[in-house]
Structures are given as C-alpha cells and as structure tokens.
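Reproduced below: run20.txt, with compact mmCIF, C-alpha atoms and all ligand atoms.
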# COMPACT_ATOMS: atom_id res chain seq x y z
CA MET A 1 8.05 13.49 11.28
CA VAL A 2 9.40 14.58 7.91
CA LYS A 3 7.02 16.46 5.65
CA VAL A 4 5.75 14.38 2.72
CA TYR A 5 4.24 15.89 -0.44
CA HIS A 6 2.17 14.20 -3.14
CA ASP A 7 1.05 15.39 -6.59
CA LYS A 8 -2.08 17.06 -5.20
CA ASP A 9 -0.01 19.21 -2.80
CA ILE A 10 2.30 20.44 -5.56
CA ASP A 11 1.66 23.45 -7.78
CA ASP A 12 3.74 23.09 -10.92
CA LYS A 13 2.94 26.55 -12.36
CA VAL A 14 6.46 27.69 -11.37
CA LEU A 15 7.83 25.62 -14.26
CA LYS A 16 5.63 27.34 -16.91
CA GLY A 17 7.83 28.75 -19.67
CA LYS A 18 10.99 27.59 -17.92
CA THR A 19 13.81 25.55 -19.47
CA VAL A 20 15.63 22.88 -17.52
CA ALA A 21 19.23 22.28 -18.61
CA VAL A 22 20.23 18.73 -17.68
CA ILE A 23 24.03 18.57 -17.51
CA GLY A 24 25.05 14.93 -18.03
CA TYR A 25 23.10 12.07 -19.60
CA GLY A 26 24.14 8.98 -17.64
CA SER A 27 22.18 6.96 -15.10
CA GLN A 28 20.22 9.88 -13.62
CA GLY A 29 20.59 12.34 -16.49
CA ARG A 30 18.86 10.19 -19.08
CA ALA A 31 16.03 9.09 -16.78
CA GLN A 32 15.41 12.57 -15.39
CA ALA A 33 15.59 14.31 -18.78
CA LEU A 34 13.14 11.84 -20.36
CA ASN A 35 10.70 11.88 -17.41
CA MET A 36 10.63 15.68 -17.33
CA LYS A 37 10.25 15.91 -21.11
CA ASP A 38 7.34 13.46 -21.02
CA SER A 39 5.81 15.59 -18.23
CA GLY A 40 5.81 18.59 -20.60
CA VAL A 41 8.91 20.38 -19.29
CA ASN A 42 11.17 22.09 -21.84
CA VAL A 43 14.44 20.16 -21.49
CA VAL A 44 17.84 20.76 -23.05
CA VAL A 45 20.74 18.41 -22.35
CA GLY A 46 24.30 19.73 -21.94
CA LEU A 47 27.19 17.40 -22.81
CA ARG A 48 30.76 17.32 -24.02
CA PRO A 49 30.86 16.98 -27.80
CA GLY A 50 32.16 13.60 -28.93
CA GLY A 51 31.25 11.91 -25.65
CA LYS A 52 29.40 8.62 -25.56
CA SER A 53 26.12 9.96 -24.28
CA TRP A 54 25.76 12.69 -26.92
CA LYS A 55 24.67 10.08 -29.50
CA GLN A 56 22.36 8.43 -26.96
CA ALA A 57 20.62 11.74 -26.23
CA GLU A 58 20.20 12.42 -29.94
CA ALA A 59 18.85 8.92 -30.49
CA ASP A 60 16.32 9.54 -27.69
CA GLY A 61 15.16 12.70 -29.45
CA VAL A 62 16.13 15.20 -26.76
CA LYS A 63 17.76 18.56 -27.54
CA VAL A 64 21.53 18.36 -27.01
CA THR A 65 24.15 21.06 -26.96
CA THR A 66 27.37 21.90 -25.13
CA VAL A 67 27.41 22.23 -21.35
CA LEU A 68 27.96 25.99 -21.52
CA GLU A 69 25.18 26.60 -24.06
CA ALA A 70 22.72 24.42 -22.15
CA ALA A 71 23.55 26.21 -18.91
CA GLN A 72 22.98 29.54 -20.69
CA GLN A 73 19.59 28.39 -22.00
CA GLY A 74 18.46 26.86 -18.73
CA ASP A 75 16.48 28.75 -16.09
CA ILE A 76 17.15 25.70 -13.97
CA VAL A 77 20.52 23.99 -14.35
CA LEU A 78 20.59 20.42 -13.12
CA MET A 79 24.02 18.95 -12.36
CA LEU A 80 23.96 15.27 -13.33
CA VAL A 81 27.57 14.51 -14.22
CA PRO A 82 29.40 12.31 -11.65
CA ASP A 83 29.94 14.01 -8.27
CA MET A 84 33.72 14.05 -8.68
CA ALA A 85 33.49 15.68 -12.13
CA GLN A 86 31.04 18.37 -10.99
CA PRO A 87 33.49 20.89 -9.47
CA THR A 88 35.44 21.24 -12.75
CA VAL A 89 32.33 21.28 -14.94
CA TRP A 90 30.92 23.92 -12.57
CA LYS A 91 34.03 26.10 -12.56
CA GLU A 92 34.83 25.89 -16.28
CA GLU A 93 31.33 26.11 -17.77
CA VAL A 94 28.19 26.16 -15.63
CA ALA A 95 29.33 28.95 -13.29
CA LEU A 96 29.86 31.25 -16.31
CA ALA A 97 26.16 30.97 -17.13
CA MET A 98 24.65 31.34 -13.64
CA ARG A 99 22.84 34.67 -13.73
CA LYS A 100 20.73 36.17 -10.94
CA GLY A 101 17.32 34.50 -10.70
CA LYS A 102 18.44 31.13 -12.03
CA THR A 103 18.26 27.86 -10.10
CA LEU A 104 21.10 25.43 -9.59
CA GLN A 105 19.84 21.92 -8.92
CA PHE A 106 21.54 18.76 -7.63
CA ALA A 107 20.47 15.14 -7.17
CA HIS A 108 22.87 14.65 -4.25
CA GLY A 109 24.17 17.18 -1.72
CA PHE A 110 27.84 16.09 -1.78
CA ASN A 111 29.54 19.05 -3.49
CA ILE A 112 27.54 21.67 -1.61
CA LEU A 113 27.88 20.00 1.80
CA TYR A 114 31.63 19.44 1.47
CA GLY A 115 32.24 22.88 -0.08
CA ALA A 116 33.54 21.80 -3.52
CA ILE A 117 31.00 24.06 -5.26
CA THR A 118 30.07 27.52 -3.94
CA PRO A 119 27.27 29.06 -6.00
CA PRO A 120 26.70 32.84 -6.07
CA LYS A 121 24.24 34.21 -3.50
CA ASP A 122 21.68 35.44 -6.02
CA VAL A 123 20.67 32.00 -7.37
CA ASP A 124 18.43 29.37 -5.82
CA VAL A 125 20.21 26.14 -4.87
CA ILE A 126 17.99 23.09 -4.53
CA MET A 127 18.18 19.33 -4.48
CA VAL A 128 15.81 16.72 -5.87
CA ALA A 129 17.22 13.29 -5.08
CA PRO A 130 15.24 10.34 -6.43
CA LYS A 131 15.80 7.34 -4.16
CA SER A 132 16.64 4.86 -6.91
CA PRO A 133 19.03 4.22 -9.76
CA GLY A 134 18.13 6.01 -12.99
CA ALA A 135 16.84 2.95 -14.85
CA GLU A 136 14.27 2.30 -12.12
CA LEU A 137 13.24 5.97 -12.08
CA ARG A 138 12.46 5.71 -15.79
CA ARG A 139 10.79 2.29 -15.51
CA GLN A 140 8.43 3.42 -12.74
CA TYR A 141 7.53 6.59 -14.67
CA GLU A 142 6.76 4.59 -17.81
CA ALA A 143 4.58 2.29 -15.69
CA GLY A 144 2.57 5.34 -14.59
CA PHE A 145 4.08 5.54 -11.11
CA GLY A 146 7.26 7.01 -9.63
CA VAL A 147 10.02 6.50 -7.11
CA PRO A 148 10.14 8.51 -3.87
CA ALA A 149 12.40 11.55 -3.85
CA LEU A 150 13.99 13.87 -1.31
CA VAL A 151 13.88 17.62 -1.84
CA SER A 152 15.86 20.30 -0.09
CA VAL A 153 16.64 24.00 -0.34
CA HIS A 154 20.19 25.18 0.32
CA GLN A 155 19.70 28.75 -0.87
CA ASP A 156 16.41 30.56 -1.45
CA ALA A 157 17.18 33.76 -3.36
CA SER A 158 13.81 33.92 -5.14
CA GLY A 159 11.58 32.92 -2.23
CA LYS A 160 10.22 30.15 -4.47
CA ALA A 161 13.01 27.57 -4.24
CA LEU A 162 10.97 24.90 -2.45
CA GLN A 163 8.08 25.30 -4.90
CA THR A 164 10.51 24.81 -7.80
CA ALA A 165 12.06 21.72 -6.20
CA LEU A 166 8.64 20.18 -5.56
CA ALA A 167 7.48 20.91 -9.10
CA LEU A 168 10.62 19.26 -10.50
CA ALA A 169 10.08 16.22 -8.28
CA LYS A 170 6.52 16.00 -9.58
CA ALA A 171 7.78 16.15 -13.17
CA LEU A 172 10.01 13.14 -12.40
CA GLY A 173 6.93 11.20 -11.26
CA SER A 174 8.00 11.23 -7.63
CA GLY A 175 4.86 13.02 -6.44
CA LYS A 176 2.98 9.76 -7.01
CA ALA A 177 5.19 7.89 -4.54
CA GLY A 178 5.93 10.71 -2.10
CA VAL A 179 8.38 13.62 -1.89
CA LEU A 180 10.12 14.08 1.46
CA GLU A 181 11.57 17.39 2.60
CA THR A 182 15.07 17.15 4.05
CA SER A 183 18.38 19.06 4.30
CA PHE A 184 21.48 18.77 2.10
CA LYS A 185 23.34 17.48 5.16
CA ASP A 186 20.90 14.71 6.08
CA GLU A 187 20.47 13.56 2.48
CA THR A 188 24.19 13.42 1.82
CA GLU A 189 25.24 11.75 5.05
CA GLU A 190 22.45 9.19 5.00
CA ASP A 191 22.99 8.44 1.32
CA LEU A 192 26.74 7.88 1.78
CA PHE A 193 26.25 5.76 4.88
CA GLY A 194 23.54 3.69 3.20
CA GLU A 195 25.51 2.94 0.05
CA GLN A 196 28.67 2.11 2.00
CA ALA A 197 27.35 0.11 4.94
CA VAL A 198 24.27 -1.64 3.64
CA LEU A 199 23.36 -1.24 -0.02
CA CYS A 200 26.49 -1.42 -2.17
CA GLY A 201 29.34 -2.19 0.20
CA GLY A 202 27.48 -4.27 2.78
CA ALA A 203 25.47 -6.33 0.29
CA ASP A 204 28.52 -6.90 -1.95
CA GLN A 205 30.65 -8.22 0.90
CA LEU A 206 27.87 -10.43 2.26
CA ILE A 207 27.42 -12.02 -1.18
CA ARG A 208 31.15 -12.32 -1.95
CA ARG A 209 31.98 -13.90 1.39
CA GLY A 210 28.99 -16.26 1.38
CA PHE A 211 30.02 -17.45 -2.10
CA LYS A 212 33.67 -17.85 -1.04
CA VAL A 213 32.79 -19.95 2.02
CA LEU A 214 30.54 -22.31 0.03
CA VAL A 215 32.99 -22.77 -2.85
CA GLU A 216 35.97 -23.27 -0.52
CA ALA A 217 33.96 -25.99 1.20
CA GLY A 218 33.64 -27.79 -2.16
CA TYR A 219 30.11 -26.89 -3.24
CA PRO A 220 29.49 -26.24 -6.97
CA PRO A 221 29.97 -22.52 -7.75
CA GLU A 222 26.82 -22.43 -9.89
CA LEU A 223 24.70 -23.54 -6.95
CA ALA A 224 26.50 -21.14 -4.65
CA TYR A 225 25.73 -18.30 -7.05
CA PHE A 226 22.03 -19.08 -7.06
CA GLU A 227 22.01 -19.45 -3.30
CA VAL A 228 23.76 -16.31 -2.12
CA CYS A 229 23.32 -13.92 -5.05
CA ASN A 230 20.45 -14.69 -7.39
CA GLU A 231 17.99 -15.46 -4.59
CA LEU A 232 18.91 -12.34 -2.68
CA LYS A 233 16.79 -10.34 -5.12
CA LEU A 234 13.72 -12.40 -4.31
CA ILE A 235 14.22 -11.90 -0.58
CA VAL A 236 14.83 -8.16 -0.98
CA ASP A 237 11.71 -7.89 -3.16
CA LEU A 238 9.71 -9.45 -0.31
CA ILE A 239 11.15 -6.98 2.21
CA TYR A 240 10.49 -4.10 -0.22
CA LYS A 241 6.84 -5.09 -0.60
CA ALA A 242 5.94 -6.28 2.90
CA GLY A 243 8.72 -5.44 5.35
CA ILE A 244 11.03 -7.75 7.27
CA GLY A 245 8.08 -9.49 8.95
CA GLY A 246 6.38 -9.96 5.58
CA MET A 247 9.54 -11.55 4.22
CA TYR A 248 9.80 -13.94 7.17
CA ARG A 249 6.13 -14.86 6.88
CA ALA A 250 6.68 -15.78 3.21
CA VAL A 251 9.59 -18.18 3.77
CA SER A 252 9.55 -21.63 5.40
CA ASP A 253 9.55 -22.02 9.19
CA THR A 254 13.03 -23.49 8.93
CA ALA A 255 14.24 -20.42 7.05
CA LYS A 256 12.53 -18.18 9.62
CA TRP A 257 14.16 -19.94 12.57
CA GLY A 258 17.56 -20.14 10.90
CA GLY A 259 17.47 -16.55 9.76
CA LEU A 260 16.30 -15.14 13.07
CA THR A 261 18.80 -17.08 15.19
CA VAL A 262 21.86 -17.17 12.92
CA GLY A 263 21.54 -13.69 11.33
CA PRO A 264 22.84 -11.91 14.45
CA VAL A 265 25.79 -14.33 14.61
CA ILE A 266 26.85 -13.30 11.10
CA VAL A 267 26.19 -9.57 11.27
CA ASP A 268 27.11 -9.06 14.90
CA ASP A 269 27.87 -6.21 17.30
CA ARG A 270 31.30 -5.72 15.72
CA VAL A 271 29.64 -4.99 12.40
CA GLU A 272 27.43 -2.42 14.12
CA GLU A 273 30.52 -0.84 15.68
CA ASN A 274 32.12 -0.69 12.21
CA MET A 275 28.97 1.00 10.92
CA ARG A 276 29.27 3.67 13.64
CA LYS A 277 32.87 4.34 12.59
CA VAL A 278 31.83 4.61 8.96
CA LEU A 279 29.11 7.09 9.90
CA LYS A 280 31.61 9.21 11.86
CA ASP A 281 33.93 9.38 8.84
CA VAL A 282 31.01 10.51 6.70
CA GLN A 283 29.95 13.15 9.25
CA SER A 284 33.45 14.51 9.78
CA GLY A 285 34.05 14.84 6.03
CA LYS A 286 36.96 12.36 6.16
CA PHE A 287 35.35 10.04 3.63
CA ALA A 288 34.71 12.95 1.25
CA ARG A 289 38.26 14.31 1.60
CA ASP A 290 39.81 10.87 0.97
CA TRP A 291 37.61 10.23 -2.06
CA MET A 292 38.32 13.65 -3.58
CA ALA A 293 42.07 13.07 -3.06
CA GLU A 294 41.83 9.64 -4.72
CA TYR A 295 40.03 11.22 -7.70
CA ARG A 296 42.62 14.01 -7.96
CA ASP A 297 45.43 11.43 -7.95
CA GLY A 298 43.97 9.70 -11.00
CA SER A 299 41.70 7.11 -9.27
CA LYS A 300 44.39 4.40 -9.39
CA HIS A 301 43.24 2.59 -6.27
CA PHE A 302 39.61 2.97 -7.36
CA LYS A 303 40.34 1.35 -10.74
CA ALA A 304 42.33 -1.46 -9.12
CA LEU A 305 39.41 -2.28 -6.84
CA MET A 306 37.04 -2.43 -9.81
CA ASP A 307 39.50 -4.74 -11.64
CA GLU A 308 39.52 -6.94 -8.54
CA VAL A 309 35.73 -7.21 -8.73
CA ASP A 310 35.84 -8.15 -12.42
CA ALA A 311 38.32 -10.95 -11.64
CA LEU A 312 36.19 -12.58 -8.91
CA GLU A 313 35.04 -16.14 -9.52
CA ILE A 314 31.46 -15.20 -8.61
CA GLU A 315 31.54 -12.71 -11.48
CA ARG A 316 32.67 -15.33 -14.00
CA VAL A 317 30.08 -17.85 -12.82
CA GLY A 318 27.41 -15.18 -12.56
CA ARG A 319 27.97 -14.01 -16.12
CA GLN A 320 27.61 -17.57 -17.43
CA ILE A 321 24.42 -18.13 -15.49
CA ARG A 322 22.89 -14.80 -16.48
CA LYS A 323 23.67 -15.53 -20.15
CA MET A 324 22.21 -19.00 -19.84
CA SER A 325 19.00 -17.62 -18.35
CA GLY A 326 18.74 -14.76 -20.85
CA LEU A 327 19.30 -12.00 -18.25
CA GLU A 328 22.53 -10.85 -19.88
CA LYS A 329 23.52 -10.76 -23.54
N1 LIG B 1 23.37 6.70 -10.17
C1 LIG B 1 22.33 6.80 -9.36
O1 LIG B 1 21.52 5.91 -9.28
C2 LIG B 1 22.08 8.04 -8.53
C3 LIG B 1 21.00 8.06 -7.63
C4 LIG B 1 20.70 9.24 -6.95
C5 LIG B 1 21.50 10.36 -7.15
N2 LIG B 1 22.58 10.31 -8.00
C6 LIG B 1 23.37 11.52 -8.22
O2 LIG B 1 23.17 11.94 -9.56
C7 LIG B 1 24.33 12.60 -10.05
C8 LIG B 1 24.78 11.95 -11.35
O3 LIG B 1 25.17 10.61 -11.07
P1 LIG B 1 25.09 9.45 -12.17
O4 LIG B 1 25.40 8.18 -11.46
O5 LIG B 1 23.82 9.59 -12.95
O6 LIG B 1 26.32 9.87 -13.10
P2 LIG B 1 26.90 9.09 -14.36
O7 LIG B 1 25.89 8.14 -14.92
O8 LIG B 1 28.23 8.54 -14.03
O9 LIG B 1 27.10 10.33 -15.38
C9 LIG B 1 27.59 10.13 -16.64
C10 LIG B 1 27.27 11.35 -17.50
O10 LIG B 1 28.13 12.44 -17.11
C11 LIG B 1 28.87 12.86 -18.26
N3 LIG B 1 30.20 13.27 -17.81
C12 LIG B 1 31.08 12.57 -17.07
N4 LIG B 1 32.21 13.28 -16.83
C13 LIG B 1 32.02 14.47 -17.46
C14 LIG B 1 32.82 15.62 -17.61
N5 LIG B 1 34.02 15.70 -17.04
N6 LIG B 1 32.32 16.65 -18.34
C15 LIG B 1 31.11 16.58 -18.91
N7 LIG B 1 30.29 15.51 -18.80
C16 LIG B 1 30.75 14.48 -18.09
C17 LIG B 1 28.92 11.66 -19.16
O11 LIG B 1 29.12 12.10 -20.48
P3 LIG B 1 30.04 11.29 -21.55
O12 LIG B 1 29.17 10.29 -22.18
O13 LIG B 1 30.48 12.37 -22.47
O14 LIG B 1 31.17 10.67 -20.77
C18 LIG B 1 27.53 11.08 -18.96
O15 LIG B 1 26.57 11.79 -19.73
C19 LIG B 1 25.35 12.52 -8.92
O16 LIG B 1 25.26 13.70 -8.16
C20 LIG B 1 24.87 11.33 -8.10
O17 LIG B 1 25.26 11.36 -6.74
C21 LIG B 1 22.86 9.18 -8.70
MG MG B 2 24.63 7.93 -3.50
In structure tokens, write the structure found in this file.
Amino acid sequence: MVKVYHDKDIDDKVLKGKTVAVIGYGSQGRAQALNMKDSGVNVVVGLRPGGKSWKQAEADGVKVTTVLEAAQQGDIVLMLVPDMAQPTVWKEEVALAMRKGKTLQFAHGFNILYGAITPPKDVDVIMVAPKSPGAELRRQYEAGFGVPALVSVHQDASGKALQTALALAKALGSGKAGVLETSFKDETEEDLFGEQAVLCGGADQLIRRGFKVLVEAGYPPELAYFEVCNELKLIVDLIYKAGIGGMYRAVSDTAKWGGLTVGPVIVDDRVEENMRKVLKDVQSGKFARDWMAEYRDGSKHFKALMDEVDALEIERVGRQIRKMSGLEK
C-alpha cells in the first residue's frame, strides 16, 4: 500500500520564512503559484521578459522577475516550464543560483529520471505532482478542496526533503484530497503511460474514430459529435464519482448490456498488447529519447500532428456546437 498523507499529518513549519520561486507561469505555474500564495507562502515567479505570461502574472498580482533573479531569491525553486524547455532553462539560469541548502522541485520526474538535468549533490531534489491539469488544481482550491498529489524525494541533502515536499503539497490544497508518496521513476513512467494509452492518446483516438465511423455511414456530424464526444464527459464524471459499476448502474439496462458485451470487442486484446509495448518504450527510455530528439530537431513532426488535429472535421463541428451552447467564445 502506498503511504497517503492528509493535512493533519503534515507539519508546514518547514516553509516558515522560505521563498518559493515558481519558474514558468503556464498551466501548472499559474495554478500552483496562486494556490501557494493564497496559502500564505512567499512566492516569486520567474519568467522571460516580454513573454506572454509575464503580463498575466502581473495582472494576477504576483511578484514577477527574471528566471535567474527568482531562482536566486528562492529557497525552493520549482521548475514549471515545459519539460522539453527545462534542461536549457536549468543550465543557463537556474543552475547558476542553486546554492547548498536550497531545494529543487519538479511537478513531473521526466528530466531527472531520463538524466537531462543533474542537480548538485548538496541540494534537495523533490517532486510534488498534482494529478490534474492546472485549471482544475486552481478550481478545486478556490472551492475549498484540492486535487490529489504525488510526492517524492530524489535527493535528501538536508534530511528534511520529504517534510518540505509534503508542506508544499499542503499549500497547493492537495492535503485535503490526499498526498501519496512515490518515486520519480513510478510517477514518470505511470504518468507517461497514462497520458499516452488512456487519457490523451487513447481517449482522442476513441473519439476521433467513433466520429469518423458515424459520419462515413451518413449520420449528421452534429449528432455524432454529441454522441461520441460531448457525452463522454458525462460518462467519465459518473466513473470519477462512483466507479465503473456506479457508471453502469446510472445508465439504462440497454446501455449496460451493450457496453459490457461490445466494449471488449472494440478495445480488444490487441489493444492491450499495444499498451504493453507502449509501456516497454516508456520504461526503456525510448519514448523519452525520441521525444527529446524531435524537440531538438525543431518539433516539425509534432507541429504537423497538431495541425492535423486542427483540420479534423470533428474539431470544426465541435467548435460550432460549443459556440452555440456558450461553452466557447
Ligand atoms: N499541464 C498539466 O496539467 C501538468 C500536470 C501535472 C504536471 N505537469 C508538469 O508541470 C510542468 C509544467 O508543465 P505545464 O504544462 O504547466 O507547462 P506550460 O503551461 O507549457 O508552461 C508554459 C510556461 O513556461 C514558460 N516557458 C516556456 N518555455 C520557456 C523557456 N524556454 N524559458 C522560460 N520560460 C519558458 C512560458 O512562458 P512564456 O509565456 O514566456 O512563453 C509559460 O509561463 C511540466 O514538468 C509538466 O510535466 C503538468
Ligand atoms: Mg504528464
């Protein structure tokens, strides 16, 4: 069983008088900086001058300065620029400010696990990984709750690294939902597998292909969109709240029978085999090496794949429907 901590188990005295430098102010950076600030932590945000998020941070009323200056001010330096940008930001700025006794913090173990960042031995290296996108992390905090988080210690120079990680998780609001202790390796490999096989990649392909089959068979695209995309949220919400059984108990008997008998025909043993292959590539570091090479080569393939998404019919139809229903401006 993994160890789970809640607010009452966490002593946040370790953060007294400390400054947290949040490097990056995107999905996680904004949510984490604002949650910590509202929890009474002294936060300074480090960004590149002239970047888009500098104005956003100022508008939100958080202290902003350059990456180097923030890293110099921070007792804890939290790396929240994109994973692929982190090695350069580390080498050119953050590393110059990492003195003995400081803490380097991540929200994902990628660059440590795959060796793209090697911190000096005399700093603590920890991870606090909230298990949700940034917007949800902020929303839950504002609602007086939190999203679960994983914490891990890669390097414990001070002897207090775990305490610091737990206190930071508490400041994010995650102590209300539960903070699970893990390793950099487990967090990274599970996170990559999950987003590839089930969450982003798997769900995207299921939706895209379901839509394609219906439209090719002559059904109206608008109906197909509602059927295989819009309604997916409602089904996932049911699973989130009450499990797979709870979801089945909330739908009609016909949907239960159809889902239970046809589901395994759609996502079959071959899909499971593919998932095993994907997991092996994550574990061997092949996925990470390929992705880092793609980034180094200018992300051409990556950009082409995103353009392909933007050109899909389901995207055109979806945008219209979301505008019509007020979900999108
Ligand atoms: N997204 C999630 O839901 C999620 C969930 C859990 C963990 N994580 C982890 O959290 C970390 C951050 O991910 P994210 O998705 O929040 O990132 P993101 O939104 O893509 O980060 C964007 C921020 O990084 C800055 N930035 C980008 N490139 C930079 C560079 N070369 N130099 C300086 N600043 C740069 C941007 O500044 P400008 O405005 O100047 O471009 C912006 O403030 C990653 O380790 C990720 O794995 C993310
Ligand atoms: Mg991830």
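Among the candidates A:Gln196, A:Thr88, A:Thr19, A:Thr103, the residue lying nearest to ligand LIG 1 (chain B) is A:Thr88 (atoms considered: only C-alpha atoms and all ligand atoms).
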Item checked: One-decimal distance in Å that lies between atom CA of A:Tyr114 and atom CA of A:Val20 -> 25.1 Å
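Within 9 Å of A:Pro221, once all atoms listed in the file are used and residues closer than 2 positions along the same chain are dropped, the contacting residues are Phe211, Lys212, Leu214, Val215, Gly218, Tyr219, Leu223, Ala224, Tyr225, Phe226, Glu313, Ile314 and Val317 of chain A.
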Within 6 Å of ligand LIG 1 (chain B), counting only C-alpha atoms and all ligand atoms, residues as an mmCIF file with C-alpha atoms, in the coordinates of the input:
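See out_15.cif below for the written result:
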data_model
loop_
_atom_site.group_PDB
_atom_site.id
_atom_site.type_symbol
_atom_site.label_atom_id
_atom_site.label_comp_id
_atom_site.auth_asym_id
_atom_site.auth_seq_id
_atom_site.Cartn_x
_atom_site.Cartn_y
_atom_site.Cartn_z
ATOM 1 C CA GLY A 24 25.050 14.930 -18.030
ATOM 2 C CA TYR A 25 23.100 12.070 -19.600
ATOM 3 C CA GLY A 26 24.140 8.980 -17.640
ATOM 4 C CA SER A 27 22.180 6.960 -15.100
ATOM 5 C CA GLN A 28 20.220 9.880 -13.620
ATOM 6 C CA GLY A 29 20.590 12.340 -16.490
ATOM 7 C CA LEU A 47 27.190 17.400 -22.810
ATOM 8 C CA ARG A 48 30.760 17.320 -24.020
ATOM 9 C CA GLY A 51 31.250 11.910 -25.650
ATOM 10 C CA LYS A 52 29.400 8.620 -25.560
ATOM 11 C CA SER A 53 26.120 9.960 -24.280
ATOM 12 C CA LEU A 80 23.960 15.270 -13.330
ATOM 13 C CA VAL A 81 27.570 14.510 -14.220
ATOM 14 C CA PRO A 82 29.400 12.310 -11.650
ATOM 15 C CA ASP A 83 29.940 14.010 -8.270
ATOM 16 C CA ALA A 85 33.490 15.680 -12.130
ATOM 17 C CA VAL A 89 32.330 21.280 -14.940
ATOM 18 C CA ALA A 107 20.470 15.140 -7.170
ATOM 19 C CA HIS A 108 22.870 14.650 -4.250
ATOM 20 C CA ALA A 129 17.220 13.290 -5.080
ATOM 21 C CA PRO A 130 15.240 10.340 -6.430
ATOM 22 C CA LYS A 131 15.800 7.340 -4.160
ATOM 23 C CA SER A 132 16.640 4.860 -6.910
ATOM 24 C CA PRO A 133 19.030 4.220 -9.760
ATOM 25 C CA GLY A 134 18.130 6.010 -12.990
#
Checklist line | Within 9 Å of ligand MG 2 (chain B) (all atoms listed in the file), residues as a ChimeraX atom specification | finding: /A:108,110,131,188,190-196
Residues as selected, C-alpha atoms, written as a PDB file, in the coordinates of the input, can you do that?
ATOM      1  CA  HIS A 108      22.870  14.650  -4.250  1.00  0.00           C
ATOM      2  CA  PHE A 110      27.840  16.090  -1.780  1.00  0.00           C
ATOM      3  CA  LYS A 131      15.800   7.340  -4.160  1.00  0.00           C
ATOM      4  CA  THR A 188      24.190  13.420   1.820  1.00  0.00           C
ATOM      5  CA  GLU A 190      22.450   9.190   5.000  1.00  0.00           C
ATOM      6  CA  ASP A 191      22.990   8.440   1.320  1.00  0.00           C
ATOM      7  CA  LEU A 192      26.740   7.880   1.780  1.00  0.00           C
ATOM      8  CA  PHE A 193      26.250   5.760   4.880  1.00  0.00           C
ATOM      9  CA  GLY A 194      23.540   3.690   3.200  1.00  0.00           C
ATOM     10  CA  GLU A 195      25.510   2.940   0.050  1.00  0.00           C
ATOM     11  CA  GLN A 196      28.670   2.110   2.000  1.00  0.00           C
TER      12      GLN A 196
END
Margin query: as a ChimeraX atom specification, please: the residues near A:Asp7 (cut-off 12 Å, all atoms listed in the file, same-chain neighbours under 3 positions excluded).
Written below: /A:4,10-12,145-146,148,166-179
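For the atom pair formed by atom CA of A:Gln205 and atom CA of A:Glu272, the distance is 14.8 Å, given to one decimal.
Of the listed residues A:Pro119, A:Gly202, A:Ala21, A:Ile112, the one whose atoms come nearest to A:Met275 is A:Gly202, with distances taken using all atoms listed in the file.
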Check: Nearest to A:Phe302: which of A:Ala242, A:Gly46, A:Asp290, A:Thr118 is it, counting all atoms listed in the file?
Finding: A:Asp290
Let me know the centre plus edge lengths, in Å and rounded to one decimal, of a box with edges along x, y and z that contains all listed atoms of stretch 325-329 of chain A and is padded by 6 Å on every side, as AutoDock Vina command-line options.
--center_x 21.1 --center_y -14.2 --center_z -20.9 --size_x 16.8 --size_y 18.9 --size_z 17.3
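Compared by their closest atoms to A:Asp124, and using only C-alpha atoms, the residues A:Pro87, A:Gly61, A:Gly159, A:Gly40 rank with A:Gly159 nearest.
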